[in-house]
Amino acid sequence: MPRGGHGSGLGHHGRLSPLNLERFQTARLRAERLSAAHLPQLQHMDRDPQVMTYLGGVRDDAGLEAYLERNLAHWDQFGYGVWVLHALQGGNFAGRAVLRHVDVDGRDEVEVGYGFLPAYWGQGLATEITHACLRIARDDVGLRSVVALAAMDNAASRKVLEKAGLRFDRQVQHVIGPHALYRIDFAPASG
Ligand SMILES: CC(C)(COP(=O)(O)OP(=O)(O)OC[C@H]1O[C@@H](n2cnc3c(N)ncnc32)[C@H](O)[C@@H]1OP(=O)(O)O)[C@@H](O)C(=O)NCCC(=O)NCCS
């Protein structure tokens, strides 16, 4: 996975260099750190009822502003968060990916997540970006475990999580209703 930055973060080797995860690429996607300049793309996506079916419905302007503020602050605090995704082919905005702290039943976890515009569904892109986010979580951030939350009936998302190697843990009550909690544990680095 080619990286735009330098510095490998905390990682397995315990080096305390700063994280630089602001941009990376997969085979078909270019990911860049969320910034305030992405507001129009987020509006486009979060006003689409098809995209937001399992995410609590479309976001109004106030909801979007709060989303942006919260997720910009997450980047400042942790050095990772929401990435905005563009298709390498054609360069158009395609979706977003997430690695983010989340409270699950009172416990601090880091979740992986994703969302794409419908034109990009069904091509394996969510699976591709999830693999990349999990590698970052393990190798750059140095996490031992990552979770994901999908609405119980979000079959496509649950399939993505299973394909990416997460396993169903249990049903939990999340902000907008009952969710399937998935988890992946990373084996400790050898040597
Ligand atoms: C969920 C979402 C990210 C999936 O993206 P995607 O790029 O189409 O996902 P992938 O192509 O990597 O994989 C989807 C898998 O689910 C399967 N799938 C799609 N719709 C399905 C359905 N209704 N029921 C069962 N499986 C389904 C696909 O066949 C594919 O599996 P396969 O590779 O074995 O054929 C996309 O639909 C989306 O952005 N939805 C709106 C936002 C959202 O819900 N995000 C997740 C929040 S938890």
# chains A, B, ... in the order shown; residues from 1 in each chain; ligands from 1
call {"tool": "residues_around", "arguments": {"residues": "His44 (chain A)", "least_positions_apart": "4", "cutoff": "10 Å", "atoms": "only C-alpha atoms", "output": "JSON, numbers by chain"}}
result
{"A": [39, 40, 48, 93, 117]}
call {"tool": "residues_near_ligand", "arguments": {"ligand": "ligand 1", "cutoff": "6 Å", "atoms": "only C-alpha atoms and all ligand atoms", "output": "list in words"}}
result
Val51, Met52, Tyr54, Tyr114, Gly115, Phe116, Leu117, Trp121, Gly122, Gln123, Gly124, Leu125, Ala126, Thr127, Leu149, Ala150, Ala155, Ala156, Ser157, Lys159 and Val160 of chain A
call {"tool": "write_last_selection", "arguments": {"atoms": "C-alpha atoms", "output": "mmCIF file, in the first residue's frame"}}
result
data_model
loop_
_atom_site.group_PDB
_atom_site.id
_atom_site.type_symbol
_atom_site.label_atom_id
_atom_site.label_comp_id
_atom_site.auth_asym_id
_atom_site.auth_seq_id
_atom_site.Cartn_x
_atom_site.Cartn_y
_atom_site.Cartn_z
ATOM 1 C CA VAL A 51 -26.453 5.804 1.419
ATOM 2 C CA MET A 52 -27.900 6.754 4.797
ATOM 3 C CA TYR A 54 -28.610 2.191 7.903
ATOM 4 C CA TYR A 114 -16.858 2.920 5.270
ATOM 5 C CA GLY A 115 -19.487 4.352 2.986
ATOM 6 C CA PHE A 116 -19.617 4.777 -0.786
ATOM 7 C CA LEU A 117 -21.834 6.545 -3.269
ATOM 8 C CA TRP A 121 -21.237 -0.256 -4.865
ATOM 9 C CA GLY A 122 -20.729 -3.882 -5.838
ATOM 10 C CA GLN A 123 -17.109 -3.608 -6.985
ATOM 11 C CA GLY A 124 -15.355 -4.781 -3.841
ATOM 12 C CA LEU A 125 -14.236 -1.264 -2.893
ATOM 13 C CA ALA A 126 -15.491 -1.428 0.698
ATOM 14 C CA THR A 127 -13.621 -4.681 1.214
ATOM 15 C CA LEU A 149 -20.717 -1.777 14.045
ATOM 16 C CA ALA A 150 -23.313 -2.530 11.390
ATOM 17 C CA ALA A 155 -26.407 -7.322 4.939
ATOM 18 C CA ALA A 156 -23.906 -5.809 2.483
ATOM 19 C CA SER A 157 -21.878 -4.197 5.248
ATOM 20 C CA LYS A 159 -20.656 -9.291 4.356
ATOM 21 C CA VAL A 160 -17.814 -6.789 3.887
#
call {"tool": "closest_residue", "arguments": {"among": "A:Tyr120, A:Phe186, A:Trp75, A:Tyr67", "to": "Glu32 (chain A)", "atoms": "only C-alpha atoms"}}
result
A:Trp75
call {"tool": "select_by_dssp", "arguments": {"residues": "chain A", "states": "strand (DSSP E or B)", "output": "VMD selection string"}}
result
chain A and resid 3 8 19 23 to 25 29 to 33 82 to 87 93 to 104 107 to 116 145 to 151 167 to 174 177 to 185
call {"tool": "residues_around", "arguments": {"residues": "Ala164 (chain A)", "least_positions_apart": "2", "cutoff": "10 Å", "atoms": "only C-alpha atoms", "output": "ChimeraX atom specification"}}
result
/A:126-132,134,158-162,166-167,184
call {"tool": "write_last_selection", "arguments": {"atoms": "C-alpha atoms", "output": "tab-separated table (two decimals), in the first residue's frame"}}
result
chain	number	residue	atom	x	y	z
A	126	ALA	CA	-15.49	-1.43	0.70
A	127	THR	CA	-13.62	-4.68	1.21
A	128	GLU	CA	-10.49	-3.17	-0.36
A	129	ILE	CA	-10.48	-0.10	1.89
A	130	THR	CA	-11.32	-2.14	4.98
A	131	HIS	CA	-8.24	-4.31	4.44
A	132	ALA	CA	-6.15	-1.13	4.13
A	134	LEU	CA	-7.01	-2.78	9.24
A	158	ARG	CA	-21.90	-7.35	7.38
A	159	LYS	CA	-20.66	-9.29	4.36
A	160	VAL	CA	-17.81	-6.79	3.89
A	161	LEU	CA	-16.75	-7.19	7.52
A	162	GLU	CA	-16.76	-10.97	7.26
A	166	LEU	CA	-13.84	-9.68	11.33
A	167	ARG	CA	-16.09	-12.03	13.27
A	184	ILE	CA	-10.77	-8.63	14.77
call {"tool": "closest_residue", "arguments": {"among": "A:His86, A:Arg135, A:His38, A:Arg144", "to": "Asp185 (chain A)", "atoms": "only C-alpha atoms"}}
result
A:Arg144
call {"tool": "atom_distance", "arguments": {"atom1": "CA of Leu21 (chain A)", "atom2": "CA of Ala66 (chain A)"}}
result
23.1 Å
call {"tool": "closest_residue", "arguments": {"among": "A:Val175, A:Leu64, A:Val112, A:Val146", "to": "Trp83 (chain A)", "atoms": "only C-alpha atoms"}}
result
A:Val112
call {"tool": "atom_distance", "arguments": {"atom1": "CA of Gln25 (chain A)", "atom2": "CA of Leu42 (chain A)"}}
result
19.9 Å
call {"tool": "residues_around", "arguments": {"residues": "Arg30 (chain A)", "least_positions_apart": "5", "cutoff": "10 Å", "atoms": "only C-alpha atoms", "output": "JSON, numbers by chain"}}
result
{"A": [2, 4, 23, 24, 25, 83, 84, 85, 86, 87, 88, 89, 91, 92, 93, 94, 129]}
call {"tool": "write_last_selection", "arguments": {"atoms": "N, CA and C atoms", "output": "short mmCIF file (atom, residue, chain, number, x, y, z; two decimals), in the first residue's frame"}}
result
data_model
loop_
_atom_site.label_atom_id
_atom_site.label_comp_id
_atom_site.auth_asym_id
_atom_site.auth_seq_id
_atom_site.Cartn_x
_atom_site.Cartn_y
_atom_site.Cartn_z
N PRO A 2 1.02 1.94 -1.11
CA PRO A 2 1.90 3.11 -1.13
C PRO A 2 1.41 4.18 -0.16
N GLY A 4 1.64 8.25 1.30
CA GLY A 4 2.02 9.59 0.94
C GLY A 4 2.92 10.22 1.98
N ARG A 23 -2.47 10.51 4.00
CA ARG A 23 -2.88 10.01 2.68
C ARG A 23 -2.28 8.62 2.46
N PHE A 24 -3.06 7.82 1.75
CA PHE A 24 -2.55 6.53 1.31
C PHE A 24 -3.38 6.10 0.11
N GLN A 25 -2.90 5.07 -0.56
CA GLN A 25 -3.61 4.56 -1.73
C GLN A 25 -3.80 3.06 -1.61
N TRP A 83 -11.14 9.31 6.39
CA TRP A 83 -10.48 9.61 5.11
C TRP A 83 -11.54 9.76 4.03
N VAL A 84 -11.34 10.77 3.18
CA VAL A 84 -12.20 10.95 2.01
C VAL A 84 -11.54 10.21 0.85
N LEU A 85 -12.37 9.47 0.10
CA LEU A 85 -11.86 8.56 -0.92
C LEU A 85 -12.21 9.03 -2.32
N HIS A 86 -11.23 9.02 -3.20
CA HIS A 86 -11.46 9.30 -4.62
C HIS A 86 -11.03 8.08 -5.43
N ALA A 87 -11.75 7.83 -6.52
CA ALA A 87 -11.37 6.72 -7.40
C ALA A 87 -10.10 7.10 -8.14
N LEU A 88 -9.12 6.20 -8.16
CA LEU A 88 -7.89 6.50 -8.90
C LEU A 88 -8.22 6.66 -10.38
N GLN A 89 -9.12 5.82 -10.85
CA GLN A 89 -9.54 5.94 -12.25
C GLN A 89 -10.60 7.04 -12.37
N GLY A 91 -10.68 9.93 -10.93
CA GLY A 91 -10.42 10.93 -9.88
C GLY A 91 -11.64 11.45 -9.14
N ASN A 92 -12.81 10.87 -9.38
CA ASN A 92 -14.01 11.39 -8.72
C ASN A 92 -14.15 10.94 -7.27
N PHE A 93 -14.86 11.77 -6.51
CA PHE A 93 -15.19 11.43 -5.12
C PHE A 93 -16.01 10.14 -5.10
N ALA A 94 -15.62 9.20 -4.27
CA ALA A 94 -16.30 7.90 -4.24
C ALA A 94 -16.91 7.57 -2.88
N ILE A 129 -10.89 -1.16 0.96
CA ILE A 129 -10.48 -0.10 1.89
C ILE A 129 -10.47 -0.62 3.33
#
call {"tool": "residues_around", "arguments": {"residues": "Ala148 (chain A)", "least_positions_apart": "5", "cutoff": "6 Å", "atoms": "only C-alpha atoms", "output": "mmCIF file with C-alpha atoms, in the first residue's frame"}}
result
data_model
loop_
_atom_site.group_PDB
_atom_site.id
_atom_site.type_symbol
_atom_site.label_atom_id
_atom_site.label_comp_id
_atom_site.auth_asym_id
_atom_site.auth_seq_id
_atom_site.Cartn_x
_atom_site.Cartn_y
_atom_site.Cartn_z
ATOM 1 C CA GLU A 111 -13.963 1.027 14.899
ATOM 2 C CA VAL A 112 -13.420 0.579 11.193
ATOM 3 C CA LEU A 181 -20.661 -5.785 16.784
ATOM 4 C CA TYR A 182 -17.791 -7.339 14.860
#
call {"tool": "closest_residue", "arguments": {"among": "A:Ala73, A:Arg59, A:Phe78, A:His174", "to": "Asp105 (chain A)", "atoms": "only C-alpha atoms"}}
result
A:His174
call {"tool": "atom_distance", "arguments": {"atom1": "CA of Glu109 (chain A)", "atom2": "CA of Leu143 (chain A)"}}
result
9.8 Å
call {"tool": "closest_residue", "arguments": {"among": "A:Gly81, A:Gly106, A:Gly95, A:Gly57", "to": "Val172 (chain A)", "atoms": "only C-alpha atoms"}}
result
A:Gly106
call {"tool": "closest_residue", "arguments": {"among": "A:Ile136, A:Ala31, A:Val82, A:His179", "to": "Val104 (chain A)", "atoms": "only C-alpha atoms"}}
result
A:His179
call {"tool": "decode", "arguments": {"residues": "region 92-120 of chain A", "atoms": "C-alpha atoms", "output": "short mmCIF file (atom, residue, chain, number, x, y, z; two decimals), in the first residue's frame"}}
result
data_model
loop_
_atom_site.label_atom_id
_atom_site.label_comp_id
_atom_site.auth_asym_id
_atom_site.auth_seq_id
_atom_site.Cartn_x
_atom_site.Cartn_y
_atom_site.Cartn_z
CA ASN A 92 -14.01 11.39 -8.72
CA PHE A 93 -15.19 11.43 -5.12
CA ALA A 94 -16.30 7.90 -4.24
CA GLY A 95 -16.81 7.66 -0.48
CA ARG A 96 -15.15 7.64 2.89
CA ALA A 97 -13.41 5.32 5.31
CA VAL A 98 -13.04 5.53 9.05
CA LEU A 99 -10.82 4.44 11.92
CA ARG A 100 -12.25 6.06 15.01
CA HIS A 101 -12.60 5.73 18.74
CA VAL A 102 -16.06 4.63 19.78
CA ASP A 103 -17.72 3.80 23.08
CA VAL A 104 -19.15 0.30 23.08
CA ASP A 105 -21.01 -0.56 26.28
CA GLY A 106 -18.81 1.88 28.22
CA ARG A 107 -15.57 0.53 26.76
CA ASP A 108 -13.26 2.57 24.52
CA GLU A 109 -12.71 0.76 21.21
CA VAL A 110 -11.54 1.74 17.72
CA GLU A 111 -13.96 1.03 14.90
CA VAL A 112 -13.42 0.58 11.19
CA GLY A 113 -16.12 1.89 8.85
CA TYR A 114 -16.86 2.92 5.27
CA GLY A 115 -19.49 4.35 2.99
CA PHE A 116 -19.62 4.78 -0.79
CA LEU A 117 -21.83 6.54 -3.27
CA PRO A 118 -24.20 4.01 -4.87
CA ALA A 119 -22.43 4.30 -8.24
CA TYR A 120 -19.42 2.61 -6.60
#
